[in-house]
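One structure below.
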Amino acid sequence: MKNRLVVVVFLSLFSAVSWASSDGVVLEHMEPNLADKASLQKGAKTYLNYCFGCHSTKYARYERIADDLQIPHELFMENLVFSDAKIGELMDIAMPAKSAKSWFGATPPDLTLVTRLRGVDWLYSYLKGFYQDESRPWGVNNKIFPDVGMPHVLHELQGIQVKDCGDAQSETDHDACTDLKLIEGSGTLSAEEYDQVAFDLVNFLHYMGDPSREYREALGVKVLIFIFIFFIFAWFLNREFWKDIH
Ligand code: HEC
């Protein structure tokens with residue numbers, strides 16, 4: 001009985017945390033890969049080209065990212081940074097929060113820690129969740145973040161998605177439906193290519209939320225190996241000490 005209770009509690013926690021957003025929309029799962037430097041580099045490029053105009057990542061410095069992602073400083077500054085910022089500066093942007101609020105109805109939040117706050121599955125699903133909705137100021141809505149104030153900035157790449165509600169008759173059924181269909185050929189990328197762009201971008205923002213994660217995990221393994229080898233010596237030494245006493 002007790003065991004069953006534990007299993008139920010565990011499963012309900014698991015499903016709430018990793019598969020569903022707060023309003024019950026099912027999230028798409030993605031597994032970040034910090035060892036894939038090419039993916040992180042492509043994610044940084046997409047981020048700096050498409051997101052950084054509105055969002056800041058002001059707890060990070062350009063230099064750290066260039067170094068961690070193994071991009072030479074000069075190449076990084078020439079091709080990815082479009083302001084006269086210096087490499088040692090924090091990644092703040094010039095857009096004043098007040099005007100942003102009047103333009104978009106909400107201030108674009110800083111994205112340094114967004115994957116820590118929302119989770120990678122949420123962000124991945126969000127980037128794939130924009131669909132056409134003429135009633136919204138930017139002509140798009142988002143199934144993960146209803147009535148979002150952000151335009152679909154990657155629509156050129158992905159194309160246009162529309163609600164695909166089949167036989168939903170009533171208006172409430174239609175509103176509740178979250179199935180989306182991509183209009184073939186409306187974007188410059190195929191569905192798989194867009195998924196890859198979204199993956200790389202989320203992978204990069206996952207790195208950004210905890211830049212030392214890879215180093216820390218690698219160090220953790222080395223420390224465990226050290227403790228294991230040390231244990232062998234300690235065990236023999238211990239045996240040596242006690243030998244004469246017994
Ligand atoms: C034209 C300006 C603009 C651009 C470019 C832009 N965003 Fe946004 N973004 C916003 C605004 C405004 C909001 C706030 C929306 C709201 O609260 O309704 C927002 C919200 C978000 C949120 C939700 C954050 C939260 O926790 O509430 C995420 C995630 C996000 N943006 C990611 C991105 C990514 C990734 C890109 C690049 C692909 C991007 N944005 C490009 C304006 C922008």
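By convention in this document, the chains of the structure tokens carry letters A, B, ... by their order, each chain's residues are numbered from 1, and ligands are numbered from 1 in the order they are shown.
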Kindly work out which residues sit at most 10 Å from ligand 1, using only C-alpha atoms and all ligand atoms, and give the list as an MDAnalysis selection string. chainID A and resid 43 46:56 95 97 100:111 113:120 122:127 138 144:155 197:198 201:202 204:205
According to DSSP computed on the backbone, where in region 75-242 of chain A is there alpha helix (DSSP H)? Give the residues as a PyMOL selection string. chain A and resi 75-80+97-104+114-118+120-127+155-158+171-176+191-209+213-242
Polymer residues at most 7 Å from region 66-71 of chain A, only C-alpha atoms, same-chain spacing of 4 or more positions, as a ChimeraX atom specification: /A:37,40-41,62,75-76
Would you kindly return, as JSON, numbers by chain, each protein, DNA or RNA residue with an atom no farther than 12 Å from any atom of region 173-188 of chain A, considering only C-alpha atoms and excluding same-chain residues fewer than 2 positions away? {"A": [23, 24, 25, 26, 27, 125, 128, 129, 130, 131, 132, 133, 141, 142, 143, 144, 145, 146, 154, 155, 156, 157, 158, 159, 160, 161, 162, 163, 164, 165, 166, 167, 168, 169, 170, 171, 190, 191, 192, 193, 194]}
Export, as a tab-separated table (two decimals), in the first residue's frame, the selected residues with N, CA and C atoms.
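Just written: again-v3.tsv:
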```tsv
chain	number	residue	atom	x	y	z
A	23	ASP	N	-0.99	24.81	-17.87
A	23	ASP	CA	-2.40	24.69	-18.24
A	23	ASP	C	-2.70	23.37	-18.95
A	24	GLY	N	-1.79	22.39	-18.79
A	24	GLY	CA	-2.13	21.06	-19.27
A	24	GLY	C	-1.74	20.78	-20.71
A	25	VAL	N	-1.14	21.73	-21.43
A	25	VAL	CA	-0.72	21.45	-22.80
A	25	VAL	C	0.51	20.53	-22.74
A	26	VAL	N	0.49	19.49	-23.56
A	26	VAL	CA	1.60	18.53	-23.51
A	26	VAL	C	2.85	19.15	-24.15
A	27	LEU	N	3.97	19.02	-23.45
A	27	LEU	CA	5.21	19.61	-23.96
A	27	LEU	C	5.99	18.58	-24.77
A	125	SER	N	9.05	23.67	-26.89
A	125	SER	CA	7.65	23.63	-27.34
A	125	SER	C	7.15	25.03	-27.66
A	128	LYS	N	8.14	26.10	-31.00
A	128	LYS	CA	7.40	25.38	-32.05
A	128	LYS	C	5.89	25.60	-31.93
A	129	GLY	N	5.51	26.46	-30.97
A	129	GLY	CA	4.08	26.56	-30.67
A	129	GLY	C	3.35	27.77	-31.24
A	130	PHE	N	4.02	28.55	-32.09
A	130	PHE	CA	3.34	29.73	-32.65
A	130	PHE	C	2.38	29.32	-33.76
A	131	TYR	N	1.20	29.92	-33.76
A	131	TYR	CA	0.25	29.65	-34.85
A	131	TYR	C	-0.51	30.92	-35.21
A	132	GLN	N	-1.05	30.91	-36.41
A	132	GLN	CA	-1.74	32.08	-36.94
A	132	GLN	C	-3.01	32.38	-36.14
A	133	ASP	N	-3.17	33.65	-35.73
A	133	ASP	CA	-4.38	34.05	-35.01
A	133	ASP	C	-4.58	35.54	-35.26
A	141	ASN	N	-0.49	33.58	-32.19
A	141	ASN	CA	-0.68	33.21	-30.80
A	141	ASN	C	0.27	32.04	-30.52
A	142	ASN	N	0.30	31.58	-29.27
A	142	ASN	CA	1.20	30.47	-28.96
A	142	ASN	C	0.48	29.46	-28.08
A	143	LYS	N	0.59	28.19	-28.44
A	143	LYS	CA	-0.20	27.20	-27.69
A	143	LYS	C	0.38	26.94	-26.30
A	144	ILE	N	1.66	27.26	-26.09
A	144	ILE	CA	2.28	27.05	-24.78
A	144	ILE	C	2.10	28.30	-23.91
A	145	PHE	N	2.05	29.45	-24.56
A	145	PHE	CA	1.96	30.73	-23.85
A	145	PHE	C	0.82	31.51	-24.49
A	146	PRO	N	-0.43	31.23	-24.10
A	146	PRO	CA	-1.58	31.87	-24.75
A	146	PRO	C	-1.52	33.39	-24.65
A	154	LEU	N	10.76	33.76	-35.77
A	154	LEU	CA	11.38	32.76	-36.64
A	154	LEU	C	10.43	32.29	-37.74
A	155	HIS	N	9.36	33.07	-37.99
A	155	HIS	CA	8.35	32.58	-38.94
A	155	HIS	C	8.88	32.42	-40.36
A	156	GLU	N	9.88	33.23	-40.72
A	156	GLU	CA	10.47	33.08	-42.06
A	156	GLU	C	11.06	31.69	-42.22
A	157	LEU	N	11.68	31.21	-41.14
A	157	LEU	CA	12.32	29.90	-41.20
A	157	LEU	C	11.29	28.78	-41.10
A	158	GLN	N	10.42	28.89	-40.09
A	158	GLN	CA	9.48	27.79	-39.85
A	158	GLN	C	8.33	27.79	-40.84
A	159	GLY	N	7.84	28.99	-41.17
A	159	GLY	CA	6.62	29.09	-41.97
A	159	GLY	C	5.44	29.32	-41.06
A	160	ILE	N	4.24	29.13	-41.61
A	160	ILE	CA	3.03	29.46	-40.86
A	160	ILE	C	2.34	28.19	-40.39
A	161	GLN	N	2.01	28.17	-39.11
A	161	GLN	CA	1.23	27.04	-38.58
A	161	GLN	C	-0.19	27.51	-38.34
A	162	VAL	N	-1.15	26.65	-38.57
A	162	VAL	CA	-2.54	26.99	-38.28
A	162	VAL	C	-3.12	25.91	-37.38
A	163	LYS	N	-4.18	26.28	-36.68
A	163	LYS	CA	-4.85	25.29	-35.84
A	163	LYS	C	-5.48	24.24	-36.73
A	164	ASP	N	-5.33	22.99	-36.33
A	164	ASP	CA	-5.88	21.91	-37.14
A	164	ASP	C	-6.84	21.12	-36.25
A	165	CYS	N	-8.06	21.62	-36.19
A	165	CYS	CA	-8.97	21.07	-35.19
A	165	CYS	C	-9.95	20.07	-35.75
A	166	GLY	N	-9.77	19.67	-36.96
A	166	GLY	CA	-10.62	18.64	-37.55
A	166	GLY	C	-12.07	18.96	-37.41
A	167	ASP	N	-12.76	18.15	-36.60
A	167	ASP	CA	-14.21	18.31	-36.53
A	167	ASP	C	-14.67	19.05	-35.28
A	168	ALA	N	-13.79	19.88	-34.70
A	168	ALA	CA	-14.23	20.66	-33.53
A	168	ALA	C	-15.36	21.60	-33.98
A	169	GLN	N	-16.52	21.43	-33.40
A	169	GLN	CA	-17.70	22.18	-33.86
A	169	GLN	C	-17.84	23.50	-33.12
A	170	SER	N	-17.96	23.40	-31.79
A	170	SER	CA	-18.28	24.60	-31.03
A	170	SER	C	-17.05	25.48	-30.86
A	171	GLU	N	-17.29	26.72	-30.46
A	171	GLU	CA	-16.18	27.65	-30.29
A	171	GLU	C	-15.27	27.21	-29.13
A	190	SER	N	12.64	23.09	-43.94
A	190	SER	CA	11.70	21.98	-43.79
A	190	SER	C	11.40	21.83	-42.29
A	191	ALA	N	10.38	21.05	-41.97
A	191	ALA	CA	10.00	20.87	-40.56
A	191	ALA	C	11.18	20.33	-39.74
A	192	GLU	N	11.93	19.38	-40.31
A	192	GLU	CA	13.06	18.79	-39.58
A	192	GLU	C	14.17	19.82	-39.36
A	193	GLU	N	14.41	20.62	-40.40
A	193	GLU	CA	15.46	21.64	-40.27
A	193	GLU	C	15.08	22.68	-39.21
A	194	TYR	N	13.80	23.04	-39.17
A	194	TYR	CA	13.36	24.01	-38.16
A	194	TYR	C	13.49	23.40	-36.76
```
Give me, as a PyMOL selection string, the residues of region 43-236 of chain A that a backbone DSSP run labels strand (DSSP E or B). chain A and resi 57-61+90-91+130-132+140-142+161-163+180-182
Write a file of the just-selected residues containing N, CA and C atoms, as a compact mmCIF listing (two decimals), in the first residue's frame.
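Everything below was put into again.txt:
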```txt
# COMPACT_ATOMS: atom_id res chain seq x y z
N THR A 57 20.73 39.16 -22.21
CA THR A 57 21.22 38.01 -21.42
C THR A 57 22.30 38.64 -20.55
N LYS A 58 21.87 39.53 -19.69
CA LYS A 58 22.81 40.45 -19.05
C LYS A 58 23.60 39.87 -17.89
N TYR A 59 23.42 38.57 -17.61
CA TYR A 59 24.28 37.96 -16.59
C TYR A 59 25.43 37.21 -17.24
N ALA A 60 25.55 37.34 -18.57
CA ALA A 60 26.64 36.66 -19.27
C ALA A 60 27.51 37.69 -19.99
N ARG A 61 28.76 37.32 -20.23
CA ARG A 61 29.65 38.19 -21.00
C ARG A 61 29.96 37.53 -22.34
N LEU A 90 29.05 42.85 -20.44
CA LEU A 90 27.87 42.01 -20.20
C LEU A 90 26.93 42.15 -21.39
N MET A 91 26.14 41.11 -21.64
CA MET A 91 25.28 41.12 -22.83
C MET A 91 23.94 41.80 -22.56
N PHE A 130 4.02 28.55 -32.09
CA PHE A 130 3.34 29.73 -32.65
C PHE A 130 2.38 29.32 -33.76
N TYR A 131 1.20 29.92 -33.76
CA TYR A 131 0.25 29.65 -34.85
C TYR A 131 -0.51 30.92 -35.21
N GLN A 132 -1.05 30.91 -36.41
CA GLN A 132 -1.74 32.08 -36.94
C GLN A 132 -3.01 32.38 -36.14
N VAL A 140 -0.24 36.34 -34.48
CA VAL A 140 0.10 34.98 -34.01
C VAL A 140 -0.22 34.81 -32.53
N ASN A 141 -0.49 33.58 -32.19
CA ASN A 141 -0.68 33.21 -30.80
C ASN A 141 0.27 32.04 -30.52
N ASN A 142 0.30 31.58 -29.27
CA ASN A 142 1.20 30.47 -28.96
C ASN A 142 0.48 29.46 -28.08
N GLN A 161 2.01 28.17 -39.11
CA GLN A 161 1.23 27.04 -38.58
C GLN A 161 -0.19 27.51 -38.34
N VAL A 162 -1.15 26.65 -38.57
CA VAL A 162 -2.54 26.99 -38.28
C VAL A 162 -3.12 25.91 -37.38
N LYS A 163 -4.18 26.28 -36.68
CA LYS A 163 -4.85 25.29 -35.84
C LYS A 163 -5.48 24.24 -36.73
N LEU A 180 -1.62 21.65 -34.17
CA LEU A 180 -1.19 22.61 -35.18
C LEU A 180 -0.76 21.90 -36.45
N LYS A 181 -0.96 22.61 -37.56
CA LYS A 181 -0.53 22.05 -38.85
C LYS A 181 0.30 23.10 -39.56
N LEU A 182 1.42 22.67 -40.14
CA LEU A 182 2.28 23.61 -40.86
C LEU A 182 1.79 23.73 -42.29
```
